[in-house]
$ cat target.cif   # mmCIF, N, CA, C and O atoms
data_input
loop_
_atom_site.label_atom_id
_atom_site.label_comp_id
_atom_site.auth_asym_id
_atom_site.auth_seq_id
_atom_site.Cartn_x
_atom_site.Cartn_y
_atom_site.Cartn_z
N MET A 1470 -28.80 2.76 46.52
CA MET A 1470 -28.99 2.89 45.09
C MET A 1470 -27.64 3.22 44.45
O MET A 1470 -26.84 3.97 45.00
N ASN A 1471 -27.41 2.69 43.29
CA ASN A 1471 -26.20 2.95 42.54
C ASN A 1471 -26.08 4.46 42.28
O ASN A 1471 -27.04 5.11 41.86
N HIS A 1472 -24.89 5.02 42.50
CA HIS A 1472 -24.69 6.46 42.36
C HIS A 1472 -24.89 6.92 40.91
O HIS A 1472 -25.39 8.02 40.67
N THR A 1473 -24.51 6.08 39.96
CA THR A 1473 -24.68 6.45 38.55
C THR A 1473 -26.15 6.55 38.19
O THR A 1473 -26.57 7.48 37.50
N ILE A 1474 -26.94 5.61 38.67
CA ILE A 1474 -28.38 5.63 38.39
C ILE A 1474 -29.03 6.83 39.06
O ILE A 1474 -29.86 7.52 38.46
N LYS A 1475 -28.63 7.10 40.30
CA LYS A 1475 -29.20 8.23 41.03
C LYS A 1475 -28.91 9.55 40.32
O LYS A 1475 -29.79 10.39 40.14
N TYR A 1476 -27.66 9.73 39.87
CA TYR A 1476 -27.29 10.96 39.17
C TYR A 1476 -28.03 11.08 37.83
O TYR A 1476 -28.53 12.15 37.48
N THR A 1477 -28.11 9.97 37.10
CA THR A 1477 -28.80 9.99 35.81
C THR A 1477 -30.28 10.33 35.98
O THR A 1477 -30.83 11.14 35.22
N LEU A 1478 -30.92 9.72 36.97
CA LEU A 1478 -32.33 10.04 37.22
C LEU A 1478 -32.51 11.49 37.67
O LEU A 1478 -33.50 12.14 37.32
N GLY A 1479 -31.54 12.02 38.41
CA GLY A 1479 -31.58 13.43 38.80
C GLY A 1479 -31.50 14.35 37.60
O GLY A 1479 -32.22 15.35 37.51
N ARG A 1480 -30.60 14.01 36.66
CA ARG A 1480 -30.48 14.83 35.44
C ARG A 1480 -31.75 14.78 34.61
O ARG A 1480 -32.22 15.80 34.11
N ILE A 1481 -32.33 13.60 34.48
CA ILE A 1481 -33.58 13.47 33.72
C ILE A 1481 -34.70 14.23 34.42
O ILE A 1481 -35.51 14.91 33.77
N GLY A 1482 -34.76 14.14 35.73
CA GLY A 1482 -35.78 14.87 36.49
C GLY A 1482 -35.65 16.37 36.33
O GLY A 1482 -36.66 17.08 36.18
N LEU A 1483 -34.42 16.87 36.38
CA LEU A 1483 -34.22 18.31 36.16
C LEU A 1483 -34.67 18.73 34.77
O LEU A 1483 -35.31 19.77 34.60
N PHE A 1484 -34.33 17.93 33.77
CA PHE A 1484 -34.74 18.23 32.41
C PHE A 1484 -36.26 18.29 32.30
O PHE A 1484 -36.82 19.24 31.73
N LEU A 1485 -36.92 17.30 32.87
CA LEU A 1485 -38.39 17.27 32.80
C LEU A 1485 -39.02 18.43 33.57
O LEU A 1485 -40.04 18.99 33.14
N ALA A 1486 -38.42 18.81 34.69
CA ALA A 1486 -38.95 19.94 35.47
C ALA A 1486 -38.85 21.24 34.69
O ALA A 1486 -39.80 22.03 34.64
N VAL A 1487 -37.70 21.46 34.05
CA VAL A 1487 -37.53 22.68 33.25
C VAL A 1487 -38.48 22.66 32.06
O VAL A 1487 -39.10 23.67 31.72
N LEU A 1488 -38.61 21.50 31.42
CA LEU A 1488 -39.52 21.39 30.28
C LEU A 1488 -40.96 21.64 30.70
O LEU A 1488 -41.72 22.30 29.98
N LEU A 1489 -41.34 21.15 31.87
CA LEU A 1489 -42.69 21.37 32.38
C LEU A 1489 -42.95 22.85 32.62
O LEU A 1489 -44.05 23.36 32.33
N VAL A 1490 -41.95 23.56 33.11
CA VAL A 1490 -42.10 25.01 33.33
C VAL A 1490 -42.22 25.74 32.00
O VAL A 1490 -42.98 26.71 31.87
N LEU A 1491 -41.49 25.30 30.99
CA LEU A 1491 -41.50 25.97 29.68
C LEU A 1491 -42.70 25.57 28.81
O LEU A 1491 -42.97 26.25 27.82
N TRP A 1492 -43.37 24.48 29.16
CA TRP A 1492 -44.43 23.97 28.28
C TRP A 1492 -45.51 25.00 27.95
O TRP A 1492 -45.90 25.11 26.78
N PRO A 1493 -46.04 25.79 28.90
CA PRO A 1493 -47.10 26.74 28.53
C PRO A 1493 -46.60 27.97 27.76
O PRO A 1493 -47.40 28.73 27.22
N VAL A 1494 -45.30 28.16 27.66
CA VAL A 1494 -44.75 29.31 26.95
C VAL A 1494 -44.95 29.10 25.45
O VAL A 1494 -44.62 28.04 24.91
N PRO A 1495 -45.50 30.13 24.76
CA PRO A 1495 -45.78 29.96 23.32
C PRO A 1495 -44.51 30.10 22.47
O PRO A 1495 -44.11 31.20 22.09
N MET A 1496 -43.86 28.99 22.20
CA MET A 1496 -42.70 28.96 21.30
C MET A 1496 -42.59 27.57 20.70
O MET A 1496 -43.29 26.65 21.11
N ASN A 1497 -41.71 27.44 19.73
CA ASN A 1497 -41.50 26.18 19.04
C ASN A 1497 -41.06 25.10 20.04
O ASN A 1497 -40.29 25.36 20.96
N VAL A 1498 -41.52 23.87 19.84
CA VAL A 1498 -41.21 22.76 20.75
C VAL A 1498 -39.70 22.47 20.75
O VAL A 1498 -39.12 22.19 21.81
N LEU A 1499 -39.05 22.55 19.61
CA LEU A 1499 -37.61 22.30 19.55
C LEU A 1499 -36.83 23.33 20.35
O LEU A 1499 -35.83 23.00 21.01
N VAL A 1500 -37.28 24.57 20.31
CA VAL A 1500 -36.62 25.62 21.10
C VAL A 1500 -36.81 25.34 22.59
O VAL A 1500 -35.88 25.48 23.38
N LYS A 1501 -38.01 24.92 22.96
CA LYS A 1501 -38.26 24.56 24.36
C LYS A 1501 -37.33 23.43 24.80
O LYS A 1501 -36.77 23.46 25.89
N LEU A 1502 -37.18 22.42 23.94
CA LEU A 1502 -36.31 21.29 24.28
C LEU A 1502 -34.85 21.73 24.42
O LEU A 1502 -34.16 21.31 25.35
N MET A 1503 -34.40 22.59 23.52
CA MET A 1503 -33.01 23.07 23.60
C MET A 1503 -32.78 23.89 24.86
O MET A 1503 -31.75 23.75 25.53
N ILE A 1504 -33.72 24.73 25.21
CA ILE A 1504 -33.61 25.53 26.43
C ILE A 1504 -33.63 24.62 27.66
O ILE A 1504 -32.86 24.82 28.60
N ALA A 1505 -34.49 23.62 27.63
CA ALA A 1505 -34.57 22.68 28.75
C ALA A 1505 -33.27 21.91 28.92
O ALA A 1505 -32.80 21.70 30.05
N VAL A 1506 -32.64 21.51 27.83
CA VAL A 1506 -31.37 20.79 27.91
C VAL A 1506 -30.30 21.70 28.50
O VAL A 1506 -29.56 21.30 29.42
N ALA A 1507 -30.19 22.92 27.98
CA ALA A 1507 -29.16 23.84 28.47
C ALA A 1507 -29.40 24.23 29.93
O ALA A 1507 -28.46 24.25 30.74
N ALA A 1508 -30.62 24.55 30.27
CA ALA A 1508 -30.93 24.97 31.64
C ALA A 1508 -30.73 23.82 32.63
O ALA A 1508 -30.19 24.01 33.72
N SER A 1509 -31.14 22.62 32.25
CA SER A 1509 -30.98 21.49 33.16
C SER A 1509 -29.51 21.14 33.34
O SER A 1509 -29.11 20.70 34.42
N ALA A 1510 -28.70 21.32 32.32
CA ALA A 1510 -27.26 21.08 32.46
C ALA A 1510 -26.64 22.07 33.45
O ALA A 1510 -25.83 21.69 34.30
N GLY A 1511 -27.03 23.33 33.32
CA GLY A 1511 -26.53 24.33 34.26
C GLY A 1511 -27.00 24.09 35.69
O GLY A 1511 -26.22 24.20 36.64
N LEU A 1512 -28.26 23.76 35.84
CA LEU A 1512 -28.78 23.47 37.16
C LEU A 1512 -28.14 22.22 37.77
O LEU A 1512 -27.85 22.17 38.96
N ALA A 1513 -27.90 21.21 36.94
CA ALA A 1513 -27.27 19.99 37.43
C ALA A 1513 -25.85 20.26 37.92
O ALA A 1513 -25.39 19.65 38.87
N PHE A 1514 -25.17 21.19 37.27
CA PHE A 1514 -23.81 21.53 37.68
C PHE A 1514 -23.81 22.02 39.13
O PHE A 1514 -22.90 21.69 39.89
N TRP A 1515 -24.81 22.78 39.51
CA TRP A 1515 -24.87 23.32 40.87
C TRP A 1515 -25.63 22.42 41.83
O TRP A 1515 -25.19 22.19 42.96
N LEU A 1516 -26.78 21.92 41.40
CA LEU A 1516 -27.66 21.19 42.32
C LEU A 1516 -27.25 19.73 42.55
O LEU A 1516 -27.53 19.17 43.61
N LEU A 1517 -26.63 19.13 41.57
CA LEU A 1517 -26.29 17.71 41.67
C LEU A 1517 -24.80 17.47 41.88
O LEU A 1517 -24.28 16.39 41.58
N ARG A 1518 -24.10 18.46 42.40
CA ARG A 1518 -22.66 18.36 42.58
C ARG A 1518 -22.29 17.17 43.48
O ARG A 1518 -21.38 16.41 43.17
N ARG A 1519 -22.98 17.01 44.60
CA ARG A 1519 -22.65 15.93 45.52
C ARG A 1519 -22.86 14.56 44.87
O ARG A 1519 -22.02 13.67 44.99
N TRP A 1520 -23.97 14.40 44.15
CA TRP A 1520 -24.25 13.13 43.48
C TRP A 1520 -23.21 12.86 42.39
O TRP A 1520 -22.80 11.72 42.19
N ARG A 1521 -22.80 13.92 41.68
CA ARG A 1521 -21.79 13.76 40.63
C ARG A 1521 -20.45 13.32 41.23
O ARG A 1521 -19.77 12.46 40.70
N ASP A 1522 -20.08 13.91 42.37
CA ASP A 1522 -18.84 13.53 43.04
C ASP A 1522 -18.90 12.09 43.54
O ASP A 1522 -17.91 11.36 43.46
N GLU A 1523 -20.05 11.68 44.07
CA GLU A 1523 -20.22 10.30 44.51
C GLU A 1523 -20.08 9.33 43.34
O GLU A 1523 -19.44 8.28 43.44
N MET A 1524 -20.69 9.70 42.21
CA MET A 1524 -20.61 8.85 41.03
C MET A 1524 -19.17 8.77 40.53
O MET A 1524 -18.69 7.69 40.19
N ALA A 1525 -18.47 9.89 40.52
CA ALA A 1525 -17.07 9.89 40.07
C ALA A 1525 -16.21 9.03 40.98
O ALA A 1525 -15.32 8.31 40.52
N GLY A 1526 -16.45 9.10 42.29
CA GLY A 1526 -15.71 8.26 43.23
C GLY A 1526 -15.97 6.79 42.99
O GLY A 1526 -15.05 5.96 43.04
N GLN A 1527 -17.22 6.45 42.74
CA GLN A 1527 -17.58 5.06 42.48
C GLN A 1527 -16.90 4.58 41.19
O GLN A 1527 -16.35 3.47 41.15
N LEU A 1528 -16.93 5.40 40.15
CA LEU A 1528 -16.30 5.00 38.89
C LEU A 1528 -14.79 4.87 39.05
O LEU A 1528 -14.17 3.97 38.46
N ALA A 1529 -14.16 5.74 39.86
CA ALA A 1529 -12.72 5.64 40.10
C ALA A 1529 -12.38 4.36 40.85
O ALA A 1529 -11.37 3.71 40.57
N THR A 1530 -13.21 4.00 41.81
CA THR A 1530 -12.99 2.76 42.56
C THR A 1530 -13.07 1.55 41.65
O THR A 1530 -12.22 0.65 41.70
N VAL A 1531 -14.08 1.52 40.80
CA VAL A 1531 -14.25 0.40 39.87
C VAL A 1531 -13.08 0.36 38.88
O VAL A 1531 -12.55 -0.73 38.60
N ALA A 1532 -12.65 1.51 38.39
CA ALA A 1532 -11.52 1.54 37.45
C ALA A 1532 -10.24 1.05 38.12
O ALA A 1532 -9.46 0.31 37.51
N GLY A 1533 -10.02 1.43 39.37
CA GLY A 1533 -8.84 0.96 40.10
C GLY A 1533 -8.87 -0.54 40.32
O GLY A 1533 -7.85 -1.22 40.20
N ARG A 1534 -10.04 -1.06 40.66
CA ARG A 1534 -10.20 -2.50 40.85
C ARG A 1534 -9.92 -3.25 39.55
O ARG A 1534 -9.24 -4.27 39.54
N ARG A 1535 -10.44 -2.72 38.43
CA ARG A 1535 -10.20 -3.37 37.14
C ARG A 1535 -8.73 -3.32 36.76
O ARG A 1535 -8.19 -4.27 36.20
N LYS A 1536 -8.08 -2.21 37.06
CA LYS A 1536 -6.66 -2.06 36.72
C LYS A 1536 -5.83 -3.06 37.52
O LYS A 1536 -4.93 -3.71 36.96
N SER A 1537 -6.10 -3.21 38.81
CA SER A 1537 -5.34 -4.15 39.61
C SER A 1537 -5.60 -5.59 39.17
O SER A 1537 -4.69 -6.42 39.14
N GLU A 1538 -6.85 -5.89 38.80
CA GLU A 1538 -7.17 -7.23 38.31
C GLU A 1538 -6.46 -7.50 36.99
O GLU A 1538 -5.93 -8.59 36.76
N ARG A 1539 -6.42 -6.50 36.11
CA ARG A 1539 -5.72 -6.65 34.83
C ARG A 1539 -4.23 -6.88 35.05
O ARG A 1539 -3.62 -7.73 34.40
N GLN A 1540 -3.63 -6.13 35.99
CA GLN A 1540 -2.21 -6.32 36.28
C GLN A 1540 -1.96 -7.71 36.86
O GLN A 1540 -0.96 -8.36 36.53
N ARG A 1541 -2.85 -8.19 37.72
CA ARG A 1541 -2.71 -9.52 38.29
C ARG A 1541 -2.78 -10.58 37.21
O ARG A 1541 -1.97 -11.52 37.18
N LEU A 1542 -3.73 -10.43 36.29
CA LEU A 1542 -3.86 -11.40 35.21
C LEU A 1542 -2.66 -11.37 34.27
O LEU A 1542 -2.18 -12.41 33.83
N ARG A 1543 -2.16 -10.17 33.99
CA ARG A 1543 -0.97 -10.08 33.13
C ARG A 1543 0.24 -10.71 33.79
O ARG A 1543 1.06 -11.36 33.13
N ALA A 1544 0.38 -10.52 35.09
CA ALA A 1544 1.50 -11.14 35.81
C ALA A 1544 1.36 -12.66 35.78
O ALA A 1544 2.36 -13.37 35.62
N ALA A 1545 0.15 -13.15 35.94
CA ALA A 1545 -0.07 -14.59 35.89
C ALA A 1545 0.25 -15.14 34.50
O ALA A 1545 0.87 -16.20 34.37
N LEU A 1546 -0.16 -14.42 33.48
CA LEU A 1546 0.14 -14.85 32.12
C LEU A 1546 1.64 -14.78 31.83
O LEU A 1546 2.19 -15.63 31.15
N ALA A 1547 2.30 -13.77 32.32
CA ALA A 1547 3.74 -13.65 32.12
C ALA A 1547 4.46 -14.79 32.82
O ALA A 1547 5.47 -15.30 32.32
N GLY A 1548 3.97 -15.21 33.96
CA GLY A 1548 4.57 -16.33 34.66
C GLY A 1548 4.43 -17.63 33.89
O GLY A 1548 5.32 -18.48 33.91
N GLU A 1549 3.33 -17.80 33.19
CA GLU A 1549 3.14 -19.00 32.38
C GLU A 1549 4.04 -18.98 31.15
O GLU A 1549 4.51 -20.01 30.71
N ASP A 1550 4.28 -17.78 30.62
CA ASP A 1550 5.12 -17.66 29.42
C ASP A 1550 6.59 -17.87 29.73
O ASP A 1550 7.37 -18.18 28.85
N ASP A 1551 7.00 -17.69 30.97
CA ASP A 1551 8.41 -17.83 31.35
C ASP A 1551 8.72 -19.23 31.84
O ASP A 1551 9.40 -19.43 32.84
N ASP A 1552 8.23 -20.23 31.13
CA ASP A 1552 8.47 -21.62 31.50
C ASP A 1552 9.95 -21.95 31.29
O ASP A 1552 10.45 -21.88 30.16
N PRO A 1553 10.71 -22.31 32.34
CA PRO A 1553 12.14 -22.55 32.19
C PRO A 1553 12.46 -23.77 31.34
O PRO A 1553 13.49 -23.84 30.72
N ALA A 1554 11.58 -24.75 31.27
CA ALA A 1554 11.85 -25.94 30.48
C ALA A 1554 11.63 -25.70 29.00
O ALA A 1554 12.09 -26.45 28.16
N GLY A 1555 10.91 -24.63 28.67
CA GLY A 1555 10.66 -24.30 27.28
C GLY A 1555 9.59 -25.16 26.64
O GLY A 1555 9.46 -25.22 25.43
N THR A 1556 8.83 -25.87 27.47
CA THR A 1556 7.78 -26.72 26.93
C THR A 1556 6.51 -25.91 26.74
O THR A 1556 6.17 -25.08 27.56
N PRO A 1557 5.82 -26.13 25.64
CA PRO A 1557 4.55 -25.40 25.45
C PRO A 1557 3.49 -25.90 26.40
O PRO A 1557 3.47 -27.07 26.76
N GLN A 1558 2.60 -25.02 26.77
CA GLN A 1558 1.55 -25.40 27.73
C GLN A 1558 0.23 -25.49 27.05
O GLN A 1558 -0.27 -24.91 26.30
#

$ encode --input "target.cif" --output "structure tokens"
Amino acid sequence: MNHTIKYTLGRIGLFLAVLLVLWPVPMNVLVKLMIAVAASAGLAFWLLRRWRDEMAGQLATVAGRRKSERQRLRAALAGEDDDPAGTPQ
């Protein structure tokens, strides 16, 4: 499974779990939602550390691949622009 999807589903699951625990508590729904967001963010920091690191590694790999491809394309374009005969292509 894609690491980004796994981490995102983990964050959503934590949010829903905290909200489910807070649901029977008698308070405003917006307050419950705000507490669930804050608590799930804190829990995700500790509980989903490995998944977050995997996702960051995957994103770094993709960014590196895109950067090398961009450099390759720029070099190819620069080679076309340096036509010694001066003829347009």

$ resolve_selection --input "target.cif" --expression "the PyMOL selection byres ((chain A and resi 1503-1516) around 6)" --output "number ranges by chain"
A: 1480, 1483-1484, 1487-1488, 1498-1502, 1517-1520

$ select_by_dssp --input "target.cif" --residues "chain A" --states "alpha helix (DSSP H)" --output "number ranges by chain"
A: 1472-1491, 1498-1516, 1518-1550

$ atom_distance --input "target.cif" --atom1 "atom O of Ala1545 in chain A" --atom2 "atom N of Leu1528 in chain A"
28.6 Å

$ atom_distance --input "target.cif" --atom1 "CA of Asp1522 in chain A" --atom2 "atom N of Thr1477 in chain A"
11.6 Å

$ atom_distance --input "target.cif" --atom1 "atom C of Gly1482 in chain A" --atom2 "atom O of Pro1495 in chain A"
22.2 Å

$ closest_residue --input "target.cif" --among "A:Met1524, A:Leu1489, A:Ala1529, A:Leu1546" --to "Met1470 in chain A" --atoms "only C-alpha atoms"
A:Met1524
